[in-house]
>>> print(open('entry39.txt').read())   # compact mmCIF, C-alpha atoms and all ligand atoms
# COMPACT_ATOMS: atom_id res chain seq x y z
CA MET A 1 20.96 7.50 -42.37
CA LYS A 2 18.26 5.87 -44.35
CA SER A 3 17.51 3.20 -41.76
CA THR A 4 17.46 5.76 -38.94
CA LYS A 5 14.93 7.80 -40.86
CA LEU A 6 12.89 4.70 -41.57
CA ARG A 7 12.98 3.70 -37.91
CA THR A 8 11.95 7.17 -36.80
CA GLY A 9 9.08 7.06 -39.28
CA LEU A 10 8.05 3.63 -38.09
CA ARG A 11 8.24 4.66 -34.45
CA ARG A 12 6.09 7.67 -35.17
CA TRP A 13 3.55 5.51 -36.92
CA VAL A 14 3.50 3.02 -34.04
CA SER A 15 3.10 5.92 -31.60
CA LEU A 16 0.16 7.30 -33.55
CA VAL A 17 -1.54 3.92 -33.54
CA ILE A 18 -0.97 3.67 -29.78
CA ALA A 19 -2.38 7.19 -29.35
CA ALA A 20 -5.48 6.30 -31.37
CA VAL A 21 -6.03 3.11 -29.37
CA LEU A 22 -5.50 4.99 -26.12
CA ALA A 23 -7.89 7.78 -27.11
CA ALA A 24 -10.50 5.19 -28.09
CA SER A 25 -10.07 3.28 -24.86
CA LEU A 26 -10.34 6.48 -22.80
CA LEU A 27 -13.58 7.31 -24.60
CA CYS A 28 -14.91 3.78 -24.08
CA MET A 29 -14.08 3.95 -20.39
CA GLY A 30 -16.36 6.98 -20.12
CA GLN A 31 -14.22 8.59 -17.46
CA PRO A 32 -16.18 10.25 -14.67
CA VAL A 33 -13.86 13.29 -14.88
CA VAL A 34 -16.70 15.62 -15.84
CA ALA A 35 -18.46 15.05 -12.56
CA GLN A 36 -15.69 16.45 -10.39
CA GLY A 37 -13.41 18.24 -12.88
CA LEU A 38 -11.62 21.22 -11.36
CA THR A 39 -9.37 23.77 -13.05
CA GLN A 40 -6.57 26.04 -11.91
CA GLY A 41 -4.55 27.86 -14.56
CA ASP A 42 -3.44 25.37 -17.19
CA PHE A 43 -4.15 22.37 -14.98
CA GLN A 44 -7.33 20.34 -14.85
CA TYR A 45 -7.46 18.12 -11.81
CA GLN A 46 -9.65 15.98 -9.63
CA LEU A 47 -9.70 14.88 -6.04
CA ALA A 48 -7.69 11.77 -5.21
CA ASP A 49 -6.73 9.90 -2.05
CA ASP A 50 -4.58 12.21 0.09
CA GLY A 51 -4.61 15.09 -2.41
CA VAL A 52 -5.33 15.89 -6.03
CA GLU A 53 -4.52 14.32 -9.38
CA ILE A 54 -3.69 16.31 -12.51
CA THR A 55 -6.01 15.00 -15.23
CA ARG A 56 -4.96 17.30 -18.08
CA TYR A 57 -2.44 20.03 -18.86
CA THR A 58 -3.99 22.49 -21.34
CA GLY A 59 -1.22 25.09 -21.66
CA ASP A 60 1.35 25.54 -24.42
CA SER A 61 4.51 26.45 -22.48
CA ALA A 62 7.88 24.93 -23.27
CA LYS A 63 8.76 24.92 -19.56
CA VAL A 64 6.10 23.51 -17.28
CA THR A 65 6.19 23.24 -13.50
CA VAL A 66 3.56 21.03 -11.93
CA PRO A 67 2.78 22.75 -8.63
CA GLU A 68 3.31 21.09 -5.26
CA THR A 69 -0.23 22.00 -4.27
CA LEU A 70 -3.49 23.03 -5.94
CA GLU A 71 -6.06 24.86 -3.80
CA GLY A 72 -3.99 23.90 -0.77
CA GLN A 73 -4.06 20.16 -1.56
CA PRO A 74 -0.85 18.28 -2.36
CA VAL A 75 -0.51 17.12 -5.96
CA VAL A 76 -0.09 13.37 -5.54
CA GLY A 77 -0.85 12.08 -9.01
CA ILE A 78 -0.52 12.74 -12.71
CA GLY A 79 -3.38 10.92 -14.41
CA PRO A 80 -3.29 8.72 -17.51
CA ALA A 81 -2.42 10.63 -20.70
CA ALA A 82 -2.50 13.96 -18.77
CA PHE A 83 0.17 15.49 -21.04
CA ALA A 84 -0.39 13.21 -24.04
CA LEU A 85 0.06 14.72 -27.53
CA ASN A 86 1.66 17.88 -26.15
CA GLN A 87 4.32 18.79 -28.72
CA THR A 88 5.45 22.08 -27.17
CA ILE A 89 6.60 20.94 -23.75
CA GLU A 90 10.41 20.63 -23.46
CA GLU A 91 11.17 20.93 -19.77
CA LEU A 92 9.08 19.57 -16.93
CA THR A 93 9.42 20.03 -13.20
CA LEU A 94 7.52 17.54 -11.08
CA PRO A 95 6.44 18.11 -7.47
CA SER A 96 8.11 16.25 -4.63
CA THR A 97 4.60 15.40 -3.38
CA LEU A 98 4.05 13.11 -6.38
CA GLU A 99 3.09 9.52 -5.55
CA TYR A 100 2.08 8.12 -8.95
CA ILE A 101 2.07 8.74 -12.68
CA GLY A 102 -0.67 7.13 -14.79
CA ASP A 103 -0.36 5.16 -18.05
CA SER A 104 1.06 7.02 -21.05
CA ALA A 105 1.03 10.31 -19.14
CA PHE A 106 3.54 11.87 -21.56
CA LEU A 107 2.57 9.97 -24.71
CA LEU A 108 3.96 11.64 -27.84
CA CYS A 109 5.55 14.50 -25.90
CA GLU A 110 8.37 14.11 -28.39
CA ASN A 111 10.16 17.33 -27.47
CA LEU A 112 10.19 16.69 -23.75
CA SER A 113 13.90 16.40 -23.00
CA ARG A 114 14.40 17.50 -19.40
CA ILE A 115 12.66 16.35 -16.21
CA GLU A 116 13.39 17.41 -12.67
CA PHE A 117 11.78 17.23 -9.27
CA SER A 118 11.15 20.56 -7.62
CA GLN A 119 12.42 19.83 -4.12
CA SER A 120 13.25 16.21 -3.45
CA THR A 121 12.69 13.05 -5.43
CA PRO A 122 9.72 11.07 -4.09
CA GLN A 123 10.91 8.04 -2.15
CA VAL A 124 8.56 5.68 -3.95
CA LEU A 125 6.98 6.86 -7.19
CA GLN A 126 4.45 4.43 -8.62
CA ALA A 127 4.21 4.45 -12.39
CA GLY A 128 1.89 3.01 -15.00
CA GLU A 129 2.72 1.67 -18.43
CA SER A 130 4.78 3.44 -21.09
CA ILE A 131 5.90 6.43 -19.06
CA LEU A 132 8.20 8.74 -21.08
CA ARG A 133 8.86 6.24 -23.88
CA ASN A 134 9.33 7.93 -27.27
CA THR A 135 10.26 11.25 -25.71
CA ALA A 136 13.55 13.11 -26.27
CA TRP A 137 14.26 12.44 -22.59
CA TRP A 138 14.09 8.68 -23.17
CA GLU A 139 16.28 8.86 -26.26
CA ALA A 140 18.96 10.70 -24.26
CA GLN A 141 19.11 8.08 -21.47
CA PRO A 142 22.20 5.84 -21.38
CA GLU A 143 21.85 2.11 -22.11
CA GLY A 144 20.69 -0.09 -19.24
CA LEU A 145 18.08 0.67 -16.59
CA VAL A 146 16.01 3.75 -17.36
CA LEU A 147 15.21 5.50 -14.10
CA LEU A 148 12.98 8.41 -13.19
CA GLY A 149 14.05 9.14 -9.63
CA GLY A 150 14.03 5.67 -8.06
CA THR A 151 11.44 4.26 -10.45
CA ALA A 152 12.62 1.85 -13.13
CA LEU A 153 10.67 2.64 -16.30
CA GLY A 154 12.35 0.10 -18.55
CA TRP A 155 15.56 -1.01 -20.18
CA LYS A 156 17.52 0.40 -23.07
CA GLY A 157 19.85 -1.60 -25.28
CA LYS A 158 20.65 -5.31 -25.26
CA ALA A 159 18.88 -7.05 -22.39
CA PRO A 160 21.09 -8.65 -19.73
CA ILE A 161 20.98 -12.35 -18.79
CA THR A 162 20.46 -11.33 -15.15
CA LEU A 163 18.56 -8.13 -14.50
CA VAL A 164 19.58 -6.62 -11.18
CA LEU A 165 17.37 -3.95 -9.64
CA ASP A 166 20.11 -2.38 -7.57
CA GLY A 167 20.07 0.02 -4.63
CA ARG A 168 18.91 2.94 -6.79
CA VAL A 169 15.56 1.28 -7.50
CA THR A 170 12.57 1.70 -5.18
CA ALA A 171 9.73 1.03 -7.65
CA VAL A 172 9.19 -0.60 -11.04
CA ALA A 173 6.62 0.74 -13.52
CA ASP A 174 3.85 -1.41 -15.01
CA GLN A 175 5.15 -3.60 -17.86
CA ALA A 176 8.63 -2.07 -17.47
CA PHE A 177 10.40 -5.25 -18.63
CA SER A 178 7.52 -7.10 -20.26
CA SER A 179 7.95 -8.62 -23.70
CA ASN A 180 5.87 -5.72 -25.07
CA TYR A 181 8.87 -3.49 -24.50
CA LEU A 182 11.83 -5.85 -24.11
CA PRO A 183 11.82 -8.59 -26.78
CA SER A 184 10.98 -11.96 -25.21
CA ALA A 185 13.82 -13.53 -27.19
CA SER A 186 16.12 -11.45 -25.01
CA ASN A 187 17.37 -14.47 -23.01
CA LEU A 188 16.57 -12.80 -19.73
CA LEU A 189 17.03 -15.73 -17.35
CA ARG A 190 16.96 -14.18 -13.91
CA VAL A 191 15.88 -11.04 -12.10
CA GLU A 192 16.96 -9.85 -8.67
CA ALA A 193 15.20 -7.17 -6.63
CA GLY A 194 17.24 -6.12 -3.60
CA ASP A 195 16.36 -4.43 -0.33
CA SER A 196 15.63 -1.00 -1.79
CA VAL A 197 12.75 -2.19 -3.98
CA GLN A 198 9.30 -1.63 -2.46
CA TRP A 199 6.76 -1.39 -5.24
CA LEU A 200 6.33 -3.57 -8.33
CA GLY A 201 3.70 -2.60 -10.89
CA SER A 202 1.57 -5.00 -12.90
CA ARG A 203 2.93 -7.37 -15.57
CA VAL A 204 6.48 -6.15 -14.91
CA PHE A 205 8.13 -9.22 -16.46
CA ALA A 206 5.12 -10.60 -18.37
CA GLY A 207 5.90 -12.61 -21.48
CA GLN A 208 9.60 -13.13 -20.70
CA SER A 209 9.37 -16.79 -21.66
CA SER A 210 12.98 -17.64 -20.78
CA LEU A 211 12.81 -16.09 -17.32
CA ASN A 212 13.13 -19.02 -14.91
CA SER A 213 14.31 -17.58 -11.61
CA ALA A 214 13.64 -14.45 -9.63
CA PHE A 215 14.70 -13.14 -6.25
CA LEU A 216 12.44 -10.62 -4.53
CA SER A 217 13.46 -9.30 -1.13
CA ASP A 218 10.99 -8.88 1.72
CA SER A 219 11.26 -5.12 1.24
CA VAL A 220 8.81 -5.51 -1.66
CA THR A 221 5.39 -4.82 -0.15
CA HIS A 222 3.31 -4.23 -3.28
CA LEU A 223 3.17 -6.66 -6.21
CA GLY A 224 0.88 -5.82 -9.13
CA GLU A 225 -1.11 -8.39 -11.05
CA GLY A 226 0.47 -10.84 -13.48
CA ILE A 227 4.07 -9.88 -12.80
CA PHE A 228 5.33 -13.24 -14.10
CA SER A 229 2.49 -14.06 -16.53
CA GLY A 230 3.84 -15.85 -19.57
CA CYS A 231 7.22 -16.55 -18.00
CA SER A 232 8.69 -20.05 -17.90
CA PRO A 233 6.32 -22.51 -16.09
CA ASP A 234 9.42 -23.66 -14.21
CA LEU A 235 10.01 -20.21 -12.82
CA LEU A 236 11.25 -20.36 -9.23
CA LEU A 237 10.59 -17.36 -7.03
CA GLU A 238 13.14 -16.99 -4.23
CA THR A 239 12.26 -14.82 -1.28
CA TYR A 240 12.15 -14.66 2.50
CA LEU A 241 9.66 -16.36 4.82
CA GLY A 242 6.65 -14.22 5.59
CA SER A 243 7.27 -11.81 2.72
CA ALA A 244 4.64 -10.34 0.42
CA ALA A 245 6.36 -12.17 -2.45
CA GLU A 246 5.80 -15.51 -0.70
CA ALA A 247 2.06 -14.81 -0.38
CA TYR A 248 1.97 -13.61 -4.00
CA ALA A 249 3.55 -16.86 -5.22
CA GLN A 250 0.82 -18.83 -3.48
CA ILE A 251 -1.99 -16.75 -5.02
CA TRP A 252 -0.53 -16.87 -8.53
CA GLY A 253 0.58 -20.51 -8.41
CA ILE A 254 4.29 -19.77 -8.77
CA ARG A 255 6.95 -22.19 -7.49
CA CYS A 256 8.47 -20.55 -4.47
CA GLU A 257 11.41 -21.10 -2.17
CA ALA A 258 11.14 -18.93 0.93
CA VAL A 259 13.99 -18.99 3.40
CA CYS A 260 14.15 -17.36 6.77
CA ARG A 261 16.03 -14.12 6.92
CA HIS A 262 17.78 -15.15 10.10
CA ASP A 263 17.86 -12.52 12.77
CA TYR A 264 21.02 -13.20 14.72
CA ARG A 265 20.43 -10.69 17.44
CA TRP A 266 18.99 -12.89 20.12
CA TYR A 267 20.88 -15.59 21.88
CA TYR A 268 19.03 -18.06 24.01
CA ASN A 269 20.47 -20.01 26.86
CA PRO A 270 18.14 -21.92 29.13
CA GLN A 271 20.02 -20.99 32.30
CA PRO A 272 22.66 -18.36 31.74
CA VAL A 273 24.80 -17.78 34.81
CA LEU A 274 26.12 -14.29 34.90
CA GLY A 275 29.89 -14.23 35.20
CA GLN A 276 30.33 -17.86 34.15
CA VAL A 277 31.65 -19.27 30.94
CA SER A 278 28.91 -21.32 29.39
CA THR A 279 27.65 -22.67 26.13
CA GLY A 280 24.54 -21.20 24.62
CA ILE A 281 22.47 -21.99 21.60
CA LEU A 282 22.24 -19.28 19.02
CA ARG A 283 18.71 -19.33 17.65
CA CYS A 284 16.99 -17.26 15.04
CA ALA A 285 14.38 -14.94 16.53
CA ASN A 286 12.04 -15.54 13.56
CA CYS A 287 12.07 -19.29 13.01
CA GLN A 288 13.77 -20.46 16.22
CA GLU A 289 16.13 -22.51 14.08
CA GLU A 290 19.39 -23.39 15.81
CA ILE A 291 22.07 -21.43 14.00
CA ASP A 292 25.10 -22.23 16.09
CA GLN A 293 26.43 -23.10 19.52
CA ILE A 294 28.45 -20.37 21.12
CA THR A 295 30.73 -20.24 24.14
CA PHE A 296 30.66 -17.00 26.00
CA LEU A 297 31.28 -15.32 29.28
CA THR A 298 28.02 -13.73 30.24
CA GLY A 299 28.68 -10.16 31.09
CA ASP A 300 32.17 -9.57 29.73
CA LEU A 301 31.07 -7.29 26.96
CA THR A 302 34.37 -5.53 26.58
CA GLY A 303 36.17 -8.85 26.26
CA GLU A 304 39.05 -8.63 28.74
CA GLY A 305 38.84 -12.31 29.57
CA CYS A 306 37.17 -15.05 31.54
CA ALA A 307 37.88 -14.50 35.20
CA PRO A 308 34.50 -13.19 36.24
CA ASP A 309 35.42 -11.27 39.36
CA GLU A 310 38.08 -9.33 37.58
CA ASN A 311 36.72 -8.95 34.14
CA ILE A 312 33.09 -8.02 34.46
CA ASP A 313 33.39 -4.41 35.39
CA LEU A 314 31.83 -1.01 35.07
CA LEU A 315 32.95 -0.84 31.43
CA ASP A 316 30.66 -3.77 30.68
CA VAL A 317 27.69 -2.03 32.25
CA MET A 318 28.44 1.02 30.16
CA ALA A 319 28.86 -1.08 27.03
CA LEU A 320 25.44 -2.63 27.53
CA ALA A 321 23.90 0.78 28.14
CA ARG A 322 25.51 2.05 24.94
CA TYR A 323 24.15 -0.95 23.07
CA LEU A 324 20.65 -0.02 24.14
CA VAL A 325 21.16 3.43 22.66
CA ASN A 326 22.83 2.67 19.36
CA GLU A 327 23.55 -1.05 19.05
CA ASN A 328 27.27 -0.68 18.52
CA LEU A 329 28.35 -3.97 20.03
CA PRO A 330 29.59 -6.81 17.84
CA GLU A 331 27.58 -10.01 17.51
CA GLY A 332 28.37 -13.07 19.61
CA ILE A 333 27.94 -11.57 23.03
CA TYR A 334 25.26 -12.66 25.43
CA LEU A 335 23.09 -9.68 26.34
CA ASP A 336 19.75 -10.99 27.52
CA TYR A 337 20.50 -11.46 31.22
CA GLN A 338 16.81 -11.59 32.10
CA GLY A 339 16.25 -14.41 29.64
CA ASP A 340 13.03 -12.82 28.48
CA GLY A 341 14.04 -12.70 24.84
CA CYS A 342 14.84 -9.04 24.61
CA VAL A 343 17.63 -6.74 25.68
CA ASP A 344 16.34 -3.89 27.80
CA VAL A 345 17.00 -1.67 30.79
CA LEU A 346 16.37 -4.58 33.17
CA ASP A 347 19.44 -6.27 31.73
CA VAL A 348 21.57 -3.21 32.49
CA MET A 349 20.24 -3.29 36.05
CA THR A 350 21.04 -6.99 36.38
CA LEU A 351 24.59 -6.42 35.21
CA THR A 352 24.93 -3.44 37.55
CA GLN A 353 23.69 -5.51 40.51
CA TYR A 354 26.14 -8.25 39.64
CA ARG A 355 28.92 -5.73 39.50
CA LEU A 356 27.97 -4.42 42.97
CA SER A 357 27.62 -7.88 44.48
CA VAL A 358 31.12 -9.02 43.57
CA PHE A 359 32.59 -6.32 45.78
ZN ZN A 401 15.33 -17.86 10.97
>>> encode(input="entry39.txt", output="structure tokens")
Amino acid sequence: MKSTKLRTGLRRWVSLVIAAVLAASLLCMGQPVVAQGLTQGDFQYQLADDGVEITRYTGDSAKVTVPETLEGQPVVGIGPAAFALNQTIEELTLPSTLEYIGDSAFLLCENLSRIEFSQSTPQVLQAGESILRNTAWWEAQPEGLVLLGGTALGWKGKAPITLVLDGRVTAVADQAFSSNYLPSASNLLRVEAGDSVQWLGSRVFAGQSSLNSAFLSDSVTHLGEGIFSGCSPDLLLETYLGSAAEAYAQIWGIRCEAVCRHDYRWYYNPQPVLGQVSTGILRCANCQEEIDQITFLTGDLTGEGCAPDENIDLLDVMALARYLVNENLPEGIYLDYQGDGCVDVLDVMTLTQYRLSVF
């Protein structure tokens, strides 16, 4: 009991200090809000790229719905500290038009316990630092990744050795796993960001001194500044050739191992002879690396066998046509009859002509 009370008191004190620092920094920044400040109801807002940004909520309702539009413009952003210090708000509905939430937008909204999106959850929601920390909502989250929609805001509980940003995650907030919020003695050794992750904020893993390997997929197109600042100097970034992460590693002087994400779709054979069994070289369409040698009967897509006159039939023409519509053929079949590096209608025509000529 006693220690809980003490911790709550301490957290409150820390929050107040943060609030004071934030207020001071906002004043120092001399925000140009005054110049273009607009108001509708309890919302102050300003123009932003592609819509408007809420700069301040001035109401005192327990249930607040941020509208999808203001003056006909989509609400795309909630600015830094827009709801900060609001002690009355308990339930918040966010618009599906939302694209970003600024630093400390809900700072010290201690009674905020419920958050929903009005229509659908934004596919990628960019988020600044310290979003929803120290709110009732945060306290109620289960241990592990803390997610708002698809945006990872941080981690609760004992840090893992390997942090996996799984298929639920599309974005990671600024500083989400930095040592400011996750103790650097946490023994976090590796992070993995899979194919769903698109946006990484700034300093996401900063100060994690034991972090020595990271995998970022080529789905990640935005990487904020200093993501790995203060991590192990031996940190190895694993990614795919040509990815944004590979370019990022070069700019930030991070050791990087980029491998080709082999595209197995295309099979090259210098002189394929339709209806003949032959050996082709399976090459990657990206790096041209030789993946394998394959033996195939060009044209027998439905796989009845190797006697060309009997086994390349109308079904094969149809199979190729179906492939062009929905790509439902298995790998390992030679499709590019034209030898021009792509499978298209001309290939269907070639196969059709072959079919006609054998009769
Ligand atoms: Zn390749």
>>> residues_near_ligand(input="entry39.txt", ligand="ligand ZN 401 (chain A)", cutoff="6 Å", atoms="only C-alpha atoms and all ligand atoms", output="PyMOL selection string")
chain A and resi 260-262+284+286-287+289
>>> residues_around(input="entry39.txt", residues="Thr55 (chain A)", least_positions_apart="3", cutoff="10 Å", atoms="all atoms listed in the file", output="MDAnalysis selection string")
chainID A and resid 33 37:39 43:47 52 58 77:83 102 105
>>> closest_residue(input="entry39.txt", among="A:Gln353, A:Asn111, A:Thr69, A:Ser179", to="Thr97 (chain A)", atoms="all atoms listed in the file")
A:Thr69
>>> residues_around(input="entry39.txt", residues="Val76 (chain A)", least_positions_apart="5", cutoff="10 Å", atoms="all atoms listed in the file", output="PyMOL selection string")
chain A and resi 47-54+68-69+95-101+125
>>> closest_residue(input="entry39.txt", among="A:Gly72, A:Gly201, A:Gly230, A:Gly167", to="Gly154 (chain A)", atoms="only C-alpha atoms")
A:Gly201
>>> atom_distance(input="entry39.txt", atom1="CA of Val146 (chain A)", atom2="CA of Ala173 (chain A)")
10.6 Å
>>> closest_residue(input="entry39.txt", among="A:Leu346, A:Leu70, A:Leu189, A:Ala249", to="Cys231 (chain A)", atoms="all atoms listed in the file")
A:Leu189
>>> closest_residue(input="entry39.txt", among="A:Arg56, A:Arg283, A:Arg203, A:Arg190", to="Ile227 (chain A)", atoms="only C-alpha atoms")
A:Arg203
>>> residues_around(input="entry39.txt", residues="Gln87 (chain A)", least_positions_apart="2", cutoff="9 Å", atoms="all atoms listed in the file", output="tab-separated table (two decimals) with C-alpha atoms, in the coordinates of the input")
chain	number	residue	atom	x	y	z
A	60	ASP	CA	1.35	25.54	-24.42
A	62	ALA	CA	7.88	24.93	-23.27
A	84	ALA	CA	-0.39	13.21	-24.04
A	85	LEU	CA	0.06	14.72	-27.53
A	89	ILE	CA	6.60	20.94	-23.75
A	90	GLU	CA	10.41	20.63	-23.46
A	108	LEU	CA	3.96	11.64	-27.84
A	109	CYS	CA	5.55	14.50	-25.90
A	110	GLU	CA	8.37	14.11	-28.39
A	111	ASN	CA	10.16	17.33	-27.47
A	112	LEU	CA	10.19	16.69	-23.75
>>> residues_around(input="entry39.txt", residues="Gly144 (chain A)", least_positions_apart="2", cutoff="8 Å", atoms="only C-alpha atoms", output="VMD selection string")
chain A and resid 142 146 155 to 159
>>> atom_distance(input="entry39.txt", atom1="CA of Asp218 (chain A)", atom2="CA of Ser243 (chain A)")
4.8 Å
>>> decode(input="entry39.txt", residues="region 235-261 of chain A", atoms="N, CA and C atoms", output="compact mmCIF listing (two decimals), in the first residue's frame")
# COMPACT_ATOMS: atom_id res chain seq x y z
N LEU A 235 26.25 -2.51 -33.15
CA LEU A 235 24.91 -2.83 -33.64
C LEU A 235 24.91 -3.14 -35.14
N LEU A 236 24.31 -4.27 -35.49
CA LEU A 236 24.20 -4.67 -36.89
C LEU A 236 22.74 -4.55 -37.31
N LEU A 237 22.53 -3.74 -38.36
CA LEU A 237 21.18 -3.57 -38.89
C LEU A 237 20.99 -4.51 -40.08
N GLU A 238 20.03 -5.40 -39.97
CA GLU A 238 19.74 -6.35 -41.05
C GLU A 238 18.50 -5.85 -41.79
N THR A 239 18.60 -5.86 -43.11
CA THR A 239 17.46 -5.41 -43.91
C THR A 239 17.57 -5.97 -45.32
N TYR A 240 16.74 -5.46 -46.21
CA TYR A 240 16.78 -5.91 -47.60
C TYR A 240 17.46 -4.87 -48.49
N LEU A 241 18.07 -5.35 -49.54
CA LEU A 241 18.71 -4.47 -50.53
C LEU A 241 17.72 -3.43 -51.05
N GLY A 242 18.20 -2.20 -51.14
CA GLY A 242 17.36 -1.15 -51.71
C GLY A 242 16.32 -0.59 -50.77
N SER A 243 16.33 -1.01 -49.50
CA SER A 243 15.32 -0.54 -48.55
C SER A 243 15.69 0.83 -48.00
N ALA A 244 14.70 1.49 -47.40
CA ALA A 244 14.96 2.77 -46.73
C ALA A 244 15.91 2.57 -45.56
N ALA A 245 15.79 1.41 -44.90
CA ALA A 245 16.67 1.12 -43.75
C ALA A 245 18.13 1.02 -44.19
N GLU A 246 18.37 0.49 -45.38
CA GLU A 246 19.74 0.38 -45.88
C GLU A 246 20.34 1.78 -46.09
N ALA A 247 19.56 2.66 -46.69
CA ALA A 247 20.02 4.04 -46.91
C ALA A 247 20.25 4.75 -45.58
N TYR A 248 19.36 4.49 -44.63
CA TYR A 248 19.44 5.10 -43.30
C TYR A 248 20.74 4.69 -42.59
N ALA A 249 21.08 3.41 -42.72
CA ALA A 249 22.30 2.90 -42.08
C ALA A 249 23.53 3.62 -42.62
N GLN A 250 23.51 3.91 -43.91
CA GLN A 250 24.64 4.59 -44.53
C GLN A 250 24.77 6.02 -43.99
N ILE A 251 23.64 6.71 -43.90
CA ILE A 251 23.63 8.10 -43.42
C ILE A 251 24.08 8.18 -41.97
N TRP A 252 23.61 7.24 -41.15
CA TRP A 252 23.88 7.31 -39.71
C TRP A 252 25.09 6.49 -39.27
N GLY A 253 25.81 5.92 -40.27
CA GLY A 253 27.03 5.19 -39.94
C GLY A 253 26.78 3.94 -39.10
N ILE A 254 25.75 3.20 -39.47
CA ILE A 254 25.41 1.98 -38.75
C ILE A 254 25.84 0.78 -39.59
N ARG A 255 26.47 -0.22 -38.94
CA ARG A 255 26.82 -1.45 -39.66
C ARG A 255 25.54 -2.05 -40.23
N CYS A 256 25.63 -2.48 -41.48
CA CYS A 256 24.40 -2.93 -42.13
C CYS A 256 24.66 -4.16 -42.99
N GLU A 257 23.74 -5.09 -42.94
CA GLU A 257 23.80 -6.26 -43.80
C GLU A 257 22.49 -6.30 -44.57
N ALA A 258 22.57 -5.96 -45.86
CA ALA A 258 21.35 -5.92 -46.68
C ALA A 258 21.37 -7.08 -47.67
N VAL A 259 20.37 -7.92 -47.57
CA VAL A 259 20.28 -9.05 -48.49
C VAL A 259 19.13 -8.82 -49.46
N CYS A 260 19.25 -9.46 -50.60
CA CYS A 260 18.19 -9.32 -51.59
C CYS A 260 16.96 -10.10 -51.14
N ARG A 261 15.84 -9.47 -51.32
CA ARG A 261 14.59 -10.18 -51.04
C ARG A 261 14.19 -10.86 -52.33
